[in-house]
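Next comes coords-v1.txt, with compact mmCIF, N, CA and C atoms.
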```
# COMPACT_ATOMS: atom_id res chain seq x y z
N MET A 1 -102.65 22.67 186.60
CA MET A 1 -104.09 22.79 186.44
C MET A 1 -104.70 21.39 186.34
N SER A 2 -105.85 21.22 186.94
CA SER A 2 -106.49 19.91 186.91
C SER A 2 -107.11 19.66 185.54
N ARG A 3 -107.32 18.41 185.22
CA ARG A 3 -107.92 18.04 183.93
C ARG A 3 -109.35 18.57 183.81
N LYS A 4 -110.09 18.57 184.93
CA LYS A 4 -111.47 19.07 184.91
C LYS A 4 -111.49 20.56 184.58
N LEU A 5 -110.58 21.33 185.16
CA LEU A 5 -110.52 22.77 184.90
C LEU A 5 -110.14 23.04 183.45
N ILE A 6 -109.19 22.30 182.93
CA ILE A 6 -108.78 22.45 181.53
C ILE A 6 -109.95 22.12 180.61
N ALA A 7 -110.67 21.05 180.89
CA ALA A 7 -111.83 20.67 180.07
C ALA A 7 -112.89 21.75 180.10
N LEU A 8 -113.12 22.32 181.29
CA LEU A 8 -114.10 23.39 181.43
C LEU A 8 -113.68 24.62 180.62
N LEU A 9 -112.44 25.01 180.70
CA LEU A 9 -111.95 26.16 179.94
C LEU A 9 -112.08 25.94 178.43
N ILE A 10 -111.79 24.75 177.98
CA ILE A 10 -111.93 24.43 176.55
C ILE A 10 -113.39 24.50 176.14
N ALA A 11 -114.29 23.97 176.97
CA ALA A 11 -115.72 24.00 176.65
C ALA A 11 -116.23 25.43 176.59
N VAL A 12 -115.86 26.25 177.56
CA VAL A 12 -116.30 27.65 177.57
C VAL A 12 -115.74 28.38 176.37
N GLY A 13 -114.46 28.17 176.06
CA GLY A 13 -113.85 28.81 174.90
C GLY A 13 -114.52 28.41 173.60
N THR A 14 -114.92 27.17 173.49
CA THR A 14 -115.62 26.70 172.29
C THR A 14 -116.96 27.40 172.13
N VAL A 15 -117.68 27.59 173.22
CA VAL A 15 -118.97 28.29 173.16
C VAL A 15 -118.76 29.71 172.68
N PHE A 16 -117.78 30.42 173.24
CA PHE A 16 -117.55 31.81 172.85
C PHE A 16 -117.10 31.92 171.40
N LEU A 17 -116.35 30.95 170.92
CA LEU A 17 -115.92 30.98 169.53
C LEU A 17 -117.08 30.69 168.59
N ALA A 18 -118.05 29.89 169.01
CA ALA A 18 -119.17 29.51 168.16
C ALA A 18 -120.22 30.62 168.05
N VAL A 19 -120.36 31.45 169.04
CA VAL A 19 -121.41 32.46 169.05
C VAL A 19 -121.36 33.40 167.86
N PRO A 20 -120.19 33.99 167.48
CA PRO A 20 -120.19 34.91 166.35
C PRO A 20 -120.66 34.28 165.04
N VAL A 21 -120.45 33.00 164.86
CA VAL A 21 -120.87 32.33 163.64
C VAL A 21 -122.39 32.34 163.52
N LEU A 22 -123.10 32.31 164.65
CA LEU A 22 -124.55 32.27 164.65
C LEU A 22 -125.18 33.65 164.46
N ALA A 23 -124.43 34.71 164.69
CA ALA A 23 -124.98 36.06 164.65
C ALA A 23 -125.40 36.44 163.23
N THR A 24 -126.37 37.34 163.15
CA THR A 24 -126.83 37.85 161.86
C THR A 24 -126.57 39.34 161.82
N PRO A 25 -125.42 39.77 161.34
CA PRO A 25 -125.07 41.18 161.35
C PRO A 25 -125.97 41.99 160.43
N GLY A 26 -126.10 43.26 160.75
CA GLY A 26 -126.89 44.16 159.92
C GLY A 26 -126.12 44.59 158.69
N SER A 27 -126.81 45.31 157.81
CA SER A 27 -126.15 45.88 156.64
C SER A 27 -126.80 47.23 156.34
N GLY A 28 -126.00 48.19 155.92
CA GLY A 28 -126.53 49.51 155.61
C GLY A 28 -127.02 50.26 156.83
N ILE A 29 -126.44 49.96 158.00
CA ILE A 29 -126.91 50.56 159.25
C ILE A 29 -125.74 51.18 159.99
N SER A 30 -126.00 52.33 160.61
CA SER A 30 -124.99 52.94 161.48
C SER A 30 -125.69 53.49 162.71
N ALA A 31 -124.99 53.49 163.82
CA ALA A 31 -125.55 53.98 165.08
C ALA A 31 -124.54 54.89 165.76
N THR A 32 -125.02 56.02 166.26
CA THR A 32 -124.21 56.96 167.02
C THR A 32 -124.81 57.08 168.40
N THR A 33 -124.00 56.84 169.42
CA THR A 33 -124.50 57.00 170.79
C THR A 33 -124.54 58.48 171.11
N LEU A 34 -125.73 58.98 171.41
CA LEU A 34 -125.92 60.39 171.74
C LEU A 34 -125.68 60.65 173.22
N ALA A 35 -126.03 59.69 174.05
CA ALA A 35 -125.86 59.85 175.49
C ALA A 35 -125.85 58.50 176.17
N ARG A 36 -125.18 58.45 177.31
CA ARG A 36 -125.16 57.25 178.13
C ARG A 36 -124.99 57.71 179.56
N GLY A 37 -125.79 57.15 180.47
CA GLY A 37 -125.67 57.55 181.86
C GLY A 37 -126.16 56.48 182.80
N LEU A 38 -125.68 56.56 184.04
CA LEU A 38 -126.07 55.62 185.08
C LEU A 38 -127.43 56.02 185.63
N ALA A 39 -128.38 55.10 185.67
CA ALA A 39 -129.72 55.38 186.19
C ALA A 39 -129.68 55.44 187.71
N VAL A 40 -130.13 56.54 188.26
CA VAL A 40 -130.19 56.70 189.71
C VAL A 40 -131.59 56.35 190.21
N ASP A 41 -132.60 56.87 189.52
CA ASP A 41 -133.98 56.54 189.86
C ASP A 41 -134.35 55.25 189.17
N LYS A 42 -135.06 54.39 189.86
CA LYS A 42 -135.38 53.08 189.31
C LYS A 42 -136.73 53.06 188.61
N VAL A 43 -136.79 52.31 187.55
CA VAL A 43 -138.03 51.92 186.90
C VAL A 43 -138.04 50.40 186.96
N LYS A 44 -139.14 49.79 186.58
CA LYS A 44 -139.20 48.33 186.66
C LYS A 44 -138.20 47.71 185.70
N THR A 45 -137.22 47.01 186.28
CA THR A 45 -136.19 46.31 185.51
C THR A 45 -136.09 44.90 186.06
N ARG A 46 -135.09 44.17 185.62
CA ARG A 46 -134.98 42.77 186.05
C ARG A 46 -134.43 42.60 187.45
N GLY A 47 -134.04 43.68 188.10
CA GLY A 47 -133.51 43.55 189.46
C GLY A 47 -133.21 44.91 190.05
N ASN A 48 -132.53 44.91 191.15
CA ASN A 48 -132.20 46.16 191.82
C ASN A 48 -130.77 46.59 191.55
N GLN A 49 -130.15 46.04 190.53
CA GLN A 49 -128.78 46.40 190.20
C GLN A 49 -128.75 47.72 189.43
N PRO A 50 -127.70 48.53 189.61
CA PRO A 50 -127.57 49.75 188.80
C PRO A 50 -127.46 49.37 187.33
N TYR A 51 -127.85 50.27 186.46
CA TYR A 51 -127.78 50.00 185.03
C TYR A 51 -127.58 51.32 184.28
N ASP A 52 -127.17 51.18 183.02
CA ASP A 52 -127.01 52.33 182.15
C ASP A 52 -128.26 52.54 181.32
N VAL A 53 -128.50 53.78 180.96
CA VAL A 53 -129.49 54.16 179.95
C VAL A 53 -128.67 54.66 178.77
N VAL A 54 -128.95 54.14 177.58
CA VAL A 54 -128.19 54.51 176.38
C VAL A 54 -129.16 55.07 175.35
N VAL A 55 -128.78 56.20 174.74
CA VAL A 55 -129.59 56.82 173.69
C VAL A 55 -128.76 56.83 172.41
N GLN A 56 -129.32 56.26 171.32
CA GLN A 56 -128.61 56.21 170.04
C GLN A 56 -129.46 56.79 168.93
N HIS A 57 -128.77 57.40 167.96
CA HIS A 57 -129.39 57.81 166.71
C HIS A 57 -128.97 56.76 165.69
N ILE A 58 -129.94 56.09 165.09
CA ILE A 58 -129.67 55.00 164.16
C ILE A 58 -130.17 55.38 162.77
N THR A 59 -129.32 55.16 161.79
CA THR A 59 -129.66 55.41 160.39
C THR A 59 -129.58 54.09 159.64
N ILE A 60 -130.63 53.77 158.89
CA ILE A 60 -130.63 52.56 158.07
C ILE A 60 -130.89 52.97 156.63
N ALA A 61 -129.96 52.64 155.74
CA ALA A 61 -130.07 52.96 154.32
C ALA A 61 -131.22 52.17 153.69
N PRO A 62 -131.73 52.63 152.56
CA PRO A 62 -132.77 51.87 151.86
C PRO A 62 -132.30 50.43 151.63
N GLY A 63 -133.14 49.48 151.98
CA GLY A 63 -132.81 48.06 151.84
C GLY A 63 -131.95 47.52 152.97
N GLY A 64 -131.57 48.37 153.93
CA GLY A 64 -130.73 47.94 155.04
C GLY A 64 -131.49 47.20 156.11
N THR A 65 -130.75 46.50 156.95
CA THR A 65 -131.35 45.70 158.01
C THR A 65 -130.49 45.75 159.26
N SER A 66 -131.12 45.57 160.40
CA SER A 66 -130.39 45.53 161.67
C SER A 66 -129.77 44.17 161.95
N GLY A 67 -130.23 43.14 161.25
CA GLY A 67 -129.85 41.77 161.61
C GLY A 67 -130.68 41.35 162.82
N TRP A 68 -130.78 40.07 163.06
CA TRP A 68 -131.56 39.57 164.20
C TRP A 68 -130.80 39.89 165.48
N HIS A 69 -131.52 40.40 166.47
CA HIS A 69 -130.89 40.81 167.72
C HIS A 69 -131.93 40.96 168.82
N THR A 70 -131.45 41.20 170.03
CA THR A 70 -132.28 41.52 171.17
C THR A 70 -131.57 42.60 171.96
N HIS A 71 -132.13 42.96 173.11
CA HIS A 71 -131.53 43.97 173.97
C HIS A 71 -131.58 43.47 175.41
N PRO A 72 -130.64 43.94 176.26
CA PRO A 72 -130.63 43.46 177.63
C PRO A 72 -131.83 43.95 178.45
N GLY A 73 -132.48 45.00 178.00
CA GLY A 73 -133.66 45.54 178.67
C GLY A 73 -134.61 46.12 177.63
N SER A 74 -135.59 46.85 178.09
CA SER A 74 -136.58 47.45 177.18
C SER A 74 -135.95 48.58 176.36
N ALA A 75 -136.58 48.88 175.22
CA ALA A 75 -136.12 49.97 174.36
C ALA A 75 -137.33 50.73 173.82
N VAL A 76 -137.16 52.04 173.66
CA VAL A 76 -138.19 52.90 173.09
C VAL A 76 -137.58 53.53 171.84
N ALA A 77 -138.15 53.22 170.67
CA ALA A 77 -137.64 53.74 169.40
C ALA A 77 -138.62 54.74 168.82
N VAL A 78 -138.15 55.95 168.57
CA VAL A 78 -138.97 57.00 167.94
C VAL A 78 -138.49 57.15 166.50
N VAL A 79 -139.40 56.97 165.56
CA VAL A 79 -139.05 57.10 164.14
C VAL A 79 -139.04 58.59 163.79
N GLN A 80 -137.89 59.07 163.34
CA GLN A 80 -137.76 60.47 162.96
C GLN A 80 -138.05 60.69 161.48
N GLN A 81 -137.61 59.73 160.66
CA GLN A 81 -137.76 59.88 159.20
C GLN A 81 -137.86 58.49 158.59
N GLY A 82 -138.74 58.34 157.62
CA GLY A 82 -138.88 57.07 156.92
C GLY A 82 -139.86 56.15 157.62
N THR A 83 -139.79 54.87 157.27
CA THR A 83 -140.66 53.85 157.86
C THR A 83 -139.82 52.70 158.37
N LEU A 84 -140.01 52.36 159.63
CA LEU A 84 -139.34 51.24 160.28
C LEU A 84 -140.25 50.03 160.15
N THR A 85 -139.72 48.91 159.66
CA THR A 85 -140.47 47.66 159.61
C THR A 85 -139.80 46.67 160.54
N VAL A 86 -140.56 46.13 161.49
CA VAL A 86 -140.02 45.24 162.51
C VAL A 86 -140.62 43.85 162.34
N TYR A 87 -139.76 42.83 162.38
CA TYR A 87 -140.16 41.43 162.30
C TYR A 87 -139.79 40.75 163.61
N ASP A 88 -140.71 39.96 164.17
CA ASP A 88 -140.48 39.22 165.40
C ASP A 88 -140.06 37.79 165.08
N SER A 89 -139.10 37.27 165.82
CA SER A 89 -138.60 35.91 165.57
C SER A 89 -139.64 34.85 165.89
N ASP A 90 -140.60 35.19 166.75
CA ASP A 90 -141.61 34.18 167.13
C ASP A 90 -142.85 34.23 166.26
N ASP A 91 -142.80 34.98 165.14
CA ASP A 91 -143.94 35.07 164.22
C ASP A 91 -143.68 34.17 163.01
N PRO A 92 -144.29 32.98 162.95
CA PRO A 92 -144.03 32.06 161.84
C PRO A 92 -144.52 32.59 160.50
N SER A 93 -145.41 33.59 160.50
CA SER A 93 -145.90 34.15 159.23
C SER A 93 -144.98 35.24 158.71
N CYS A 94 -143.99 35.65 159.50
CA CYS A 94 -143.02 36.69 159.10
C CYS A 94 -143.73 37.94 158.61
N THR A 95 -144.68 38.44 159.39
CA THR A 95 -145.42 39.64 159.05
C THR A 95 -144.78 40.84 159.73
N GLY A 96 -144.29 41.78 158.91
CA GLY A 96 -143.66 42.97 159.46
C GLY A 96 -144.69 43.97 159.97
N ARG A 97 -144.29 44.74 160.98
CA ARG A 97 -145.11 45.83 161.50
C ARG A 97 -144.42 47.13 161.13
N ASN A 98 -145.17 48.06 160.52
CA ASN A 98 -144.61 49.33 160.07
C ASN A 98 -144.84 50.44 161.07
N TYR A 99 -143.82 51.28 161.24
CA TYR A 99 -143.88 52.46 162.10
C TYR A 99 -143.37 53.63 161.27
N ALA A 100 -144.24 54.62 161.03
CA ALA A 100 -143.89 55.79 160.22
C ALA A 100 -143.29 56.88 161.09
N ALA A 101 -142.76 57.90 160.43
CA ALA A 101 -142.18 59.05 161.14
C ALA A 101 -143.18 59.59 162.16
N GLY A 102 -142.70 59.81 163.38
CA GLY A 102 -143.55 60.30 164.46
C GLY A 102 -144.14 59.19 165.31
N GLN A 103 -144.04 57.94 164.87
CA GLN A 103 -144.57 56.83 165.65
C GLN A 103 -143.47 56.21 166.51
N VAL A 104 -143.91 55.44 167.53
CA VAL A 104 -142.99 54.84 168.49
C VAL A 104 -143.14 53.32 168.48
N PHE A 105 -141.99 52.64 168.47
CA PHE A 105 -141.95 51.19 168.61
C PHE A 105 -141.41 50.89 170.01
N LEU A 106 -142.17 50.14 170.80
CA LEU A 106 -141.74 49.73 172.13
C LEU A 106 -141.27 48.28 172.08
N ASP A 107 -139.99 48.09 172.36
CA ASP A 107 -139.42 46.74 172.35
C ASP A 107 -139.29 46.25 173.78
N ARG A 108 -139.86 45.10 174.06
CA ARG A 108 -139.84 44.59 175.43
C ARG A 108 -138.46 44.10 175.85
N GLY A 109 -137.57 43.82 174.90
CA GLY A 109 -136.21 43.40 175.23
C GLY A 109 -136.17 42.10 176.00
N TYR A 110 -135.13 41.93 176.84
CA TYR A 110 -134.98 40.76 177.70
C TYR A 110 -135.10 39.45 176.92
N GLY A 111 -134.43 39.38 175.77
CA GLY A 111 -134.44 38.15 174.98
C GLY A 111 -135.42 38.13 173.83
N HIS A 112 -136.25 39.17 173.68
CA HIS A 112 -137.19 39.26 172.56
C HIS A 112 -136.38 39.52 171.28
N VAL A 113 -136.24 38.51 170.44
CA VAL A 113 -135.43 38.61 169.23
C VAL A 113 -136.27 39.19 168.10
N HIS A 114 -135.70 40.16 167.40
CA HIS A 114 -136.40 40.84 166.31
C HIS A 114 -135.39 41.37 165.29
N LEU A 115 -135.91 41.85 164.19
CA LEU A 115 -135.09 42.40 163.12
C LEU A 115 -135.79 43.65 162.59
N ALA A 116 -135.04 44.71 162.38
CA ALA A 116 -135.59 45.95 161.81
C ALA A 116 -135.08 46.11 160.39
N ARG A 117 -135.97 46.55 159.50
CA ARG A 117 -135.57 46.75 158.10
C ARG A 117 -136.08 48.09 157.60
N ASN A 118 -135.36 48.62 156.63
CA ASN A 118 -135.82 49.78 155.89
C ASN A 118 -136.19 49.28 154.51
N GLU A 119 -137.48 49.08 154.29
CA GLU A 119 -137.95 48.54 153.02
C GLU A 119 -138.36 49.63 152.05
N SER A 120 -138.02 50.88 152.37
CA SER A 120 -138.39 52.01 151.51
C SER A 120 -137.20 52.44 150.66
N MET A 121 -137.41 53.50 149.90
CA MET A 121 -136.36 54.04 149.03
C MET A 121 -135.70 55.27 149.65
N THR A 122 -136.06 55.60 150.92
CA THR A 122 -135.47 56.75 151.60
C THR A 122 -134.77 56.29 152.88
N THR A 123 -133.86 57.10 153.36
CA THR A 123 -133.12 56.78 154.57
C THR A 123 -134.06 56.77 155.79
N LEU A 124 -133.88 55.78 156.64
CA LEU A 124 -134.65 55.65 157.87
C LEU A 124 -133.80 56.17 159.02
N GLU A 125 -134.39 57.04 159.85
CA GLU A 125 -133.69 57.55 161.03
C GLU A 125 -134.58 57.32 162.25
N ILE A 126 -133.99 56.72 163.27
CA ILE A 126 -134.71 56.51 164.52
C ILE A 126 -133.80 56.90 165.69
N VAL A 127 -134.41 57.32 166.78
CA VAL A 127 -133.70 57.57 168.02
C VAL A 127 -134.23 56.55 169.02
N VAL A 128 -133.30 55.79 169.60
CA VAL A 128 -133.69 54.70 170.49
C VAL A 128 -133.09 54.93 171.88
N THR A 129 -133.93 54.76 172.90
CA THR A 129 -133.48 54.82 174.29
C THR A 129 -133.56 53.41 174.86
N TYR A 130 -132.42 52.90 175.31
CA TYR A 130 -132.32 51.55 175.86
C TYR A 130 -132.23 51.63 177.38
N LEU A 131 -133.06 50.86 178.08
CA LEU A 131 -133.04 50.80 179.53
C LEU A 131 -132.45 49.47 179.99
N ASP A 132 -131.96 49.46 181.21
CA ASP A 132 -131.46 48.24 181.85
C ASP A 132 -130.26 47.63 181.12
N VAL A 133 -129.40 48.50 180.60
CA VAL A 133 -128.17 48.04 179.94
C VAL A 133 -127.12 47.84 181.03
N PRO A 134 -126.43 46.70 181.05
CA PRO A 134 -125.39 46.51 182.06
C PRO A 134 -124.38 47.67 181.99
N ILE A 135 -123.92 48.10 183.13
CA ILE A 135 -123.00 49.24 183.17
C ILE A 135 -121.79 48.98 182.28
N GLY A 136 -121.59 49.85 181.29
CA GLY A 136 -120.50 49.71 180.34
C GLY A 136 -120.73 48.64 179.28
N GLY A 137 -121.87 47.96 179.33
CA GLY A 137 -122.14 46.85 178.41
C GLY A 137 -122.83 47.29 177.13
N ALA A 138 -123.08 46.33 176.28
CA ALA A 138 -123.70 46.58 174.98
C ALA A 138 -125.21 46.74 175.10
N ALA A 139 -125.76 47.65 174.30
CA ALA A 139 -127.22 47.84 174.25
C ALA A 139 -127.87 46.85 173.29
N ARG A 140 -127.06 46.22 172.45
CA ARG A 140 -127.56 45.26 171.45
C ARG A 140 -126.86 43.93 171.65
N ILE A 141 -127.62 42.84 171.50
CA ILE A 141 -127.09 41.50 171.59
C ILE A 141 -127.47 40.77 170.30
N ASP A 142 -126.46 40.38 169.51
CA ASP A 142 -126.72 39.66 168.26
C ASP A 142 -127.42 38.34 168.55
N ALA A 143 -128.26 37.92 167.61
CA ALA A 143 -128.99 36.65 167.77
C ALA A 143 -128.91 35.87 166.47
N ALA A 144 -129.11 34.59 166.58
CA ALA A 144 -129.12 33.71 165.40
C ALA A 144 -130.39 33.92 164.59
N ASP A 145 -130.32 33.67 163.32
CA ASP A 145 -131.49 33.72 162.45
C ASP A 145 -132.45 32.64 162.91
N PRO A 146 -133.70 33.03 163.28
CA PRO A 146 -134.65 32.02 163.78
C PRO A 146 -135.24 31.16 162.67
N GLY A 147 -135.03 31.53 161.42
CA GLY A 147 -135.55 30.74 160.31
C GLY A 147 -137.02 30.97 160.02
N THR A 148 -137.61 32.03 160.56
CA THR A 148 -139.03 32.29 160.35
C THR A 148 -139.31 33.19 159.15
N CYS A 149 -138.26 33.82 158.61
CA CYS A 149 -138.42 34.73 157.47
C CYS A 149 -137.52 34.28 156.32
N PRO A 150 -137.91 34.55 155.09
CA PRO A 150 -137.11 34.10 153.94
C PRO A 150 -135.85 34.93 153.71
N PHE A 151 -135.68 36.02 154.43
CA PHE A 151 -134.48 36.86 154.21
C PHE A 151 -133.46 36.64 155.30
```

Can you give me the file's structure in the form of structure tokens?
Amino acid sequence: MSRKLIALLIAVGTVFLAVPVLATPGSGISATTLARGLAVDKVKTRGNQPYDVVVQHITIAPGGTSGWHTHPGSAVAVVQQGTLTVYDSDDPSCTGRNYAAGQVFLDRGYGHVHLARNESMTTLEIVVTYLDVPIGGAARIDAADPGTCPF
């Protein structure tokens, strides 16, 4: 193997090893995939490549958080029970937006980093449909703490 190829492999390996350290994992959260399927009909996505649609039921315990993350495509979250509070990484005032049972949160995805919290004393339940997920890939992408919120 050439020295350039070895150096490249070491650099790539270092990046992959460093990424988990930057992630902000959730706590008090569980997700069950209800359905996953290959999209045949197209909606506006980032390209003409086939993609998966993933539907999850997510439960967040009182005081729980999703951790900072994004999605590979757009997501539609329907609050079934409780109140969902969403914080955007690009909001320096760290002002949460609340969504009560029956309301919908539309996440633009594609790198939009955010965090969901259950700031109530009851369990939060949401059903989320993720679009433009790479075939067989993850619907969630962990992100580093942007430093805009005190938590």

Shell around Val55 of chain A at 7 Å using all atoms listed in the file, local window under 3 positions removed, as a list in words: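 So the residues in contact are Thr32, Thr33, Leu34, Ala35, Arg36, Gly37, Val127, Val128, Thr129 and Tyr130 of chain A.
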
How about saving the chosen residues, N, CA and C atoms kept, as a PDB file, in the coordinates of the input?
```pdb
ATOM      1  N   THR A  32    -125.020  56.020 166.260  1.00  0.00           N
ATOM      2  CA  THR A  32    -124.210  56.960 167.020  1.00  0.00           C
ATOM      3  C   THR A  32    -124.810  57.080 168.400  1.00  0.00           C
ATOM      4  N   THR A  33    -124.000  56.840 169.420  1.00  0.00           N
ATOM      5  CA  THR A  33    -124.500  57.000 170.790  1.00  0.00           C
ATOM      6  C   THR A  33    -124.540  58.480 171.110  1.00  0.00           C
ATOM      7  N   LEU A  34    -125.730  58.980 171.410  1.00  0.00           N
ATOM      8  CA  LEU A  34    -125.920  60.390 171.740  1.00  0.00           C
ATOM      9  C   LEU A  34    -125.680  60.650 173.220  1.00  0.00           C
ATOM     10  N   ALA A  35    -126.030  59.690 174.050  1.00  0.00           N
ATOM     11  CA  ALA A  35    -125.860  59.850 175.490  1.00  0.00           C
ATOM     12  C   ALA A  35    -125.850  58.500 176.170  1.00  0.00           C
ATOM     13  N   ARG A  36    -125.180  58.450 177.310  1.00  0.00           N
ATOM     14  CA  ARG A  36    -125.160  57.250 178.130  1.00  0.00           C
ATOM     15  C   ARG A  36    -124.990  57.710 179.560  1.00  0.00           C
ATOM     16  N   GLY A  37    -125.790  57.150 180.470  1.00  0.00           N
ATOM     17  CA  GLY A  37    -125.670  57.550 181.860  1.00  0.00           C
ATOM     18  C   GLY A  37    -126.160  56.480 182.800  1.00  0.00           C
ATOM     19  N   VAL A 127    -134.410  57.320 166.780  1.00  0.00           N
ATOM     20  CA  VAL A 127    -133.700  57.570 168.020  1.00  0.00           C
ATOM     21  C   VAL A 127    -134.230  56.550 169.020  1.00  0.00           C
ATOM     22  N   VAL A 128    -133.300  55.790 169.600  1.00  0.00           N
ATOM     23  CA  VAL A 128    -133.690  54.700 170.490  1.00  0.00           C
ATOM     24  C   VAL A 128    -133.090  54.930 171.880  1.00  0.00           C
ATOM     25  N   THR A 129    -133.930  54.760 172.900  1.00  0.00           N
ATOM     26  CA  THR A 129    -133.480  54.820 174.290  1.00  0.00           C
ATOM     27  C   THR A 129    -133.560  53.410 174.860  1.00  0.00           C
ATOM     28  N   TYR A 130    -132.420  52.900 175.310  1.00  0.00           N
ATOM     29  CA  TYR A 130    -132.320  51.550 175.860  1.00  0.00           C
ATOM     30  C   TYR A 130    -132.230  51.630 177.380  1.00  0.00           C
TER      31      TYR A 130
END
```

For Ala101 of chain A, which residue among A:Val54, A:Val79, A:Met121, A:Thr65 is the nearest when counting all atoms listed in the file?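 Answer, going by the shortest atom-to-atom distance: A:Val79.
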
For Ala116 of chain A, which of A:Ile60, A:Ala139, A:Ala144, A:Val104 is the closest residue, counting only C-alpha atoms?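 Of all the options, A:Ile60 lies closest to Ala116 of chain A.
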
Taking only C-alpha atoms into account, which of A:Gln80, A:Ala61, A:Glu119, A:Gly111 comes nearest Arg97 of chain A? A:Glu119

Could you pull out the helix (DSSP H, G or I) residues of chain A, going by DSSP on the backbone, and write them as a CSV table (one decimal) with N, CA and C atoms, in the frame of the given file?
```
chain,number,residue,atom,x,y,z
A,3,ARG,N,-107.3,18.4,185.2
A,3,ARG,CA,-107.9,18.0,183.9
A,3,ARG,C,-109.4,18.6,183.8
A,4,LYS,N,-110.1,18.6,184.9
A,4,LYS,CA,-111.5,19.1,184.9
A,4,LYS,C,-111.5,20.6,184.6
A,5,LEU,N,-110.6,21.3,185.2
A,5,LEU,CA,-110.5,22.8,184.9
A,5,LEU,C,-110.1,23.0,183.4
A,6,ILE,N,-109.2,22.3,182.9
A,6,ILE,CA,-108.8,22.4,181.5
A,6,ILE,C,-110.0,22.1,180.6
A,7,ALA,N,-110.7,21.0,180.9
A,7,ALA,CA,-111.8,20.7,180.1
A,7,ALA,C,-112.9,21.8,180.1
A,8,LEU,N,-113.1,22.3,181.3
A,8,LEU,CA,-114.1,23.4,181.4
A,8,LEU,C,-113.7,24.6,180.6
A,9,LEU,N,-112.4,25.0,180.7
A,9,LEU,CA,-112.0,26.2,179.9
A,9,LEU,C,-112.1,25.9,178.4
A,10,ILE,N,-111.8,24.8,178.0
A,10,ILE,CA,-111.9,24.4,176.6
A,10,ILE,C,-113.4,24.5,176.1
A,11,ALA,N,-114.3,24.0,177.0
A,11,ALA,CA,-115.7,24.0,176.6
A,11,ALA,C,-116.2,25.4,176.6
A,12,VAL,N,-115.9,26.2,177.6
A,12,VAL,CA,-116.3,27.6,177.6
A,12,VAL,C,-115.7,28.4,176.4
A,13,GLY,N,-114.5,28.2,176.1
A,13,GLY,CA,-113.8,28.8,174.9
A,13,GLY,C,-114.5,28.4,173.6
A,14,THR,N,-114.9,27.2,173.5
A,14,THR,CA,-115.6,26.7,172.3
A,14,THR,C,-117.0,27.4,172.1
A,15,VAL,N,-117.7,27.6,173.2
A,15,VAL,CA,-119.0,28.3,173.2
A,15,VAL,C,-118.8,29.7,172.7
A,16,PHE,N,-117.8,30.4,173.2
A,16,PHE,CA,-117.6,31.8,172.8
A,16,PHE,C,-117.1,31.9,171.4
A,17,LEU,N,-116.4,31.0,170.9
A,17,LEU,CA,-115.9,31.0,169.5
A,17,LEU,C,-117.1,30.7,168.6
A,18,ALA,N,-118.0,29.9,169.0
A,18,ALA,CA,-119.2,29.5,168.2
A,18,ALA,C,-120.2,30.6,168.0
A,19,VAL,N,-120.4,31.4,169.0
A,19,VAL,CA,-121.4,32.5,169.0
A,19,VAL,C,-121.4,33.4,167.9
A,20,PRO,N,-120.2,34.0,167.5
A,20,PRO,CA,-120.2,34.9,166.4
A,20,PRO,C,-120.7,34.3,165.0
A,21,VAL,N,-120.4,33.0,164.9
A,21,VAL,CA,-120.9,32.3,163.6
A,21,VAL,C,-122.4,32.3,163.5
A,22,LEU,N,-123.1,32.3,164.6
A,22,LEU,CA,-124.6,32.3,164.6
A,22,LEU,C,-125.2,33.6,164.5
```

Could you name the residues that touch Gly96 of chain A at 6.5 Å or less, counting all atoms listed in the file, but leaving out those on the same chain fewer than 5 positions away, as a VMD selection string? chain A and resid 85 to 88

Check the smallest atom-to-atom distance from each of A:Leu124, A:Ala100, A:Val53, A:Val133 to Pro72 of chain A using only C-alpha atoms, then report the winner.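 The closest residue to Pro72 of chain A is A:Val133.
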
Can you measure atom CA of Ala143 of chain A to atom N of Arg117 of chain A for me? One decimal in Å is fine.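 It comes out at 14.7 Å.
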
As a PyMOL selection string, please: every residue in chain A that DSSP puts in strand (DSSP E). chain A and resi 27-38+52-65+69-70+75-81+83-88+97-100+104-107+114-117+124-133+141-142

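Atom pair atom N of Thr122 of chain A / atom CA of Pro62 of chain A: separated by 5.1 Å.
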
If I put a ball of radius 9 Å at (-130.2, 43.4, 160.6) in the file's coordinates, which residues poke into it when counting only C-alpha atoms, written as an MDAnalysis selection string? chainID A and resid 24:29 64:69 114:117

When you count all atoms listed in the file, which of these residues is closest to Ser93 of chain A: A:Gln56, A:Asn48, A:Thr148, A:Ser30?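 Distance minimum relative to Ser93 of chain A lands on A:Thr148.
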
To one decimal place, how far is atom CA of Gly102 of chain A from atom CA of Gln81 of chain A in Å?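 Between atom CA of Gly102 of chain A and atom CA of Gln81 of chain A the gap is 7.8 Å.
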
Report, as AutoDock Vina command-line options, the axis-aligned box around all atoms of segment 132-150 of chain A present in the file, extended by 5 Å on each side; give centre and edge lengths in Å to one decimal place.
```
--center_x -129.9 --center_y 40.3 --center_z 168.4 --size_x 28.8 --size_y 29.1 --size_z 39.5
```
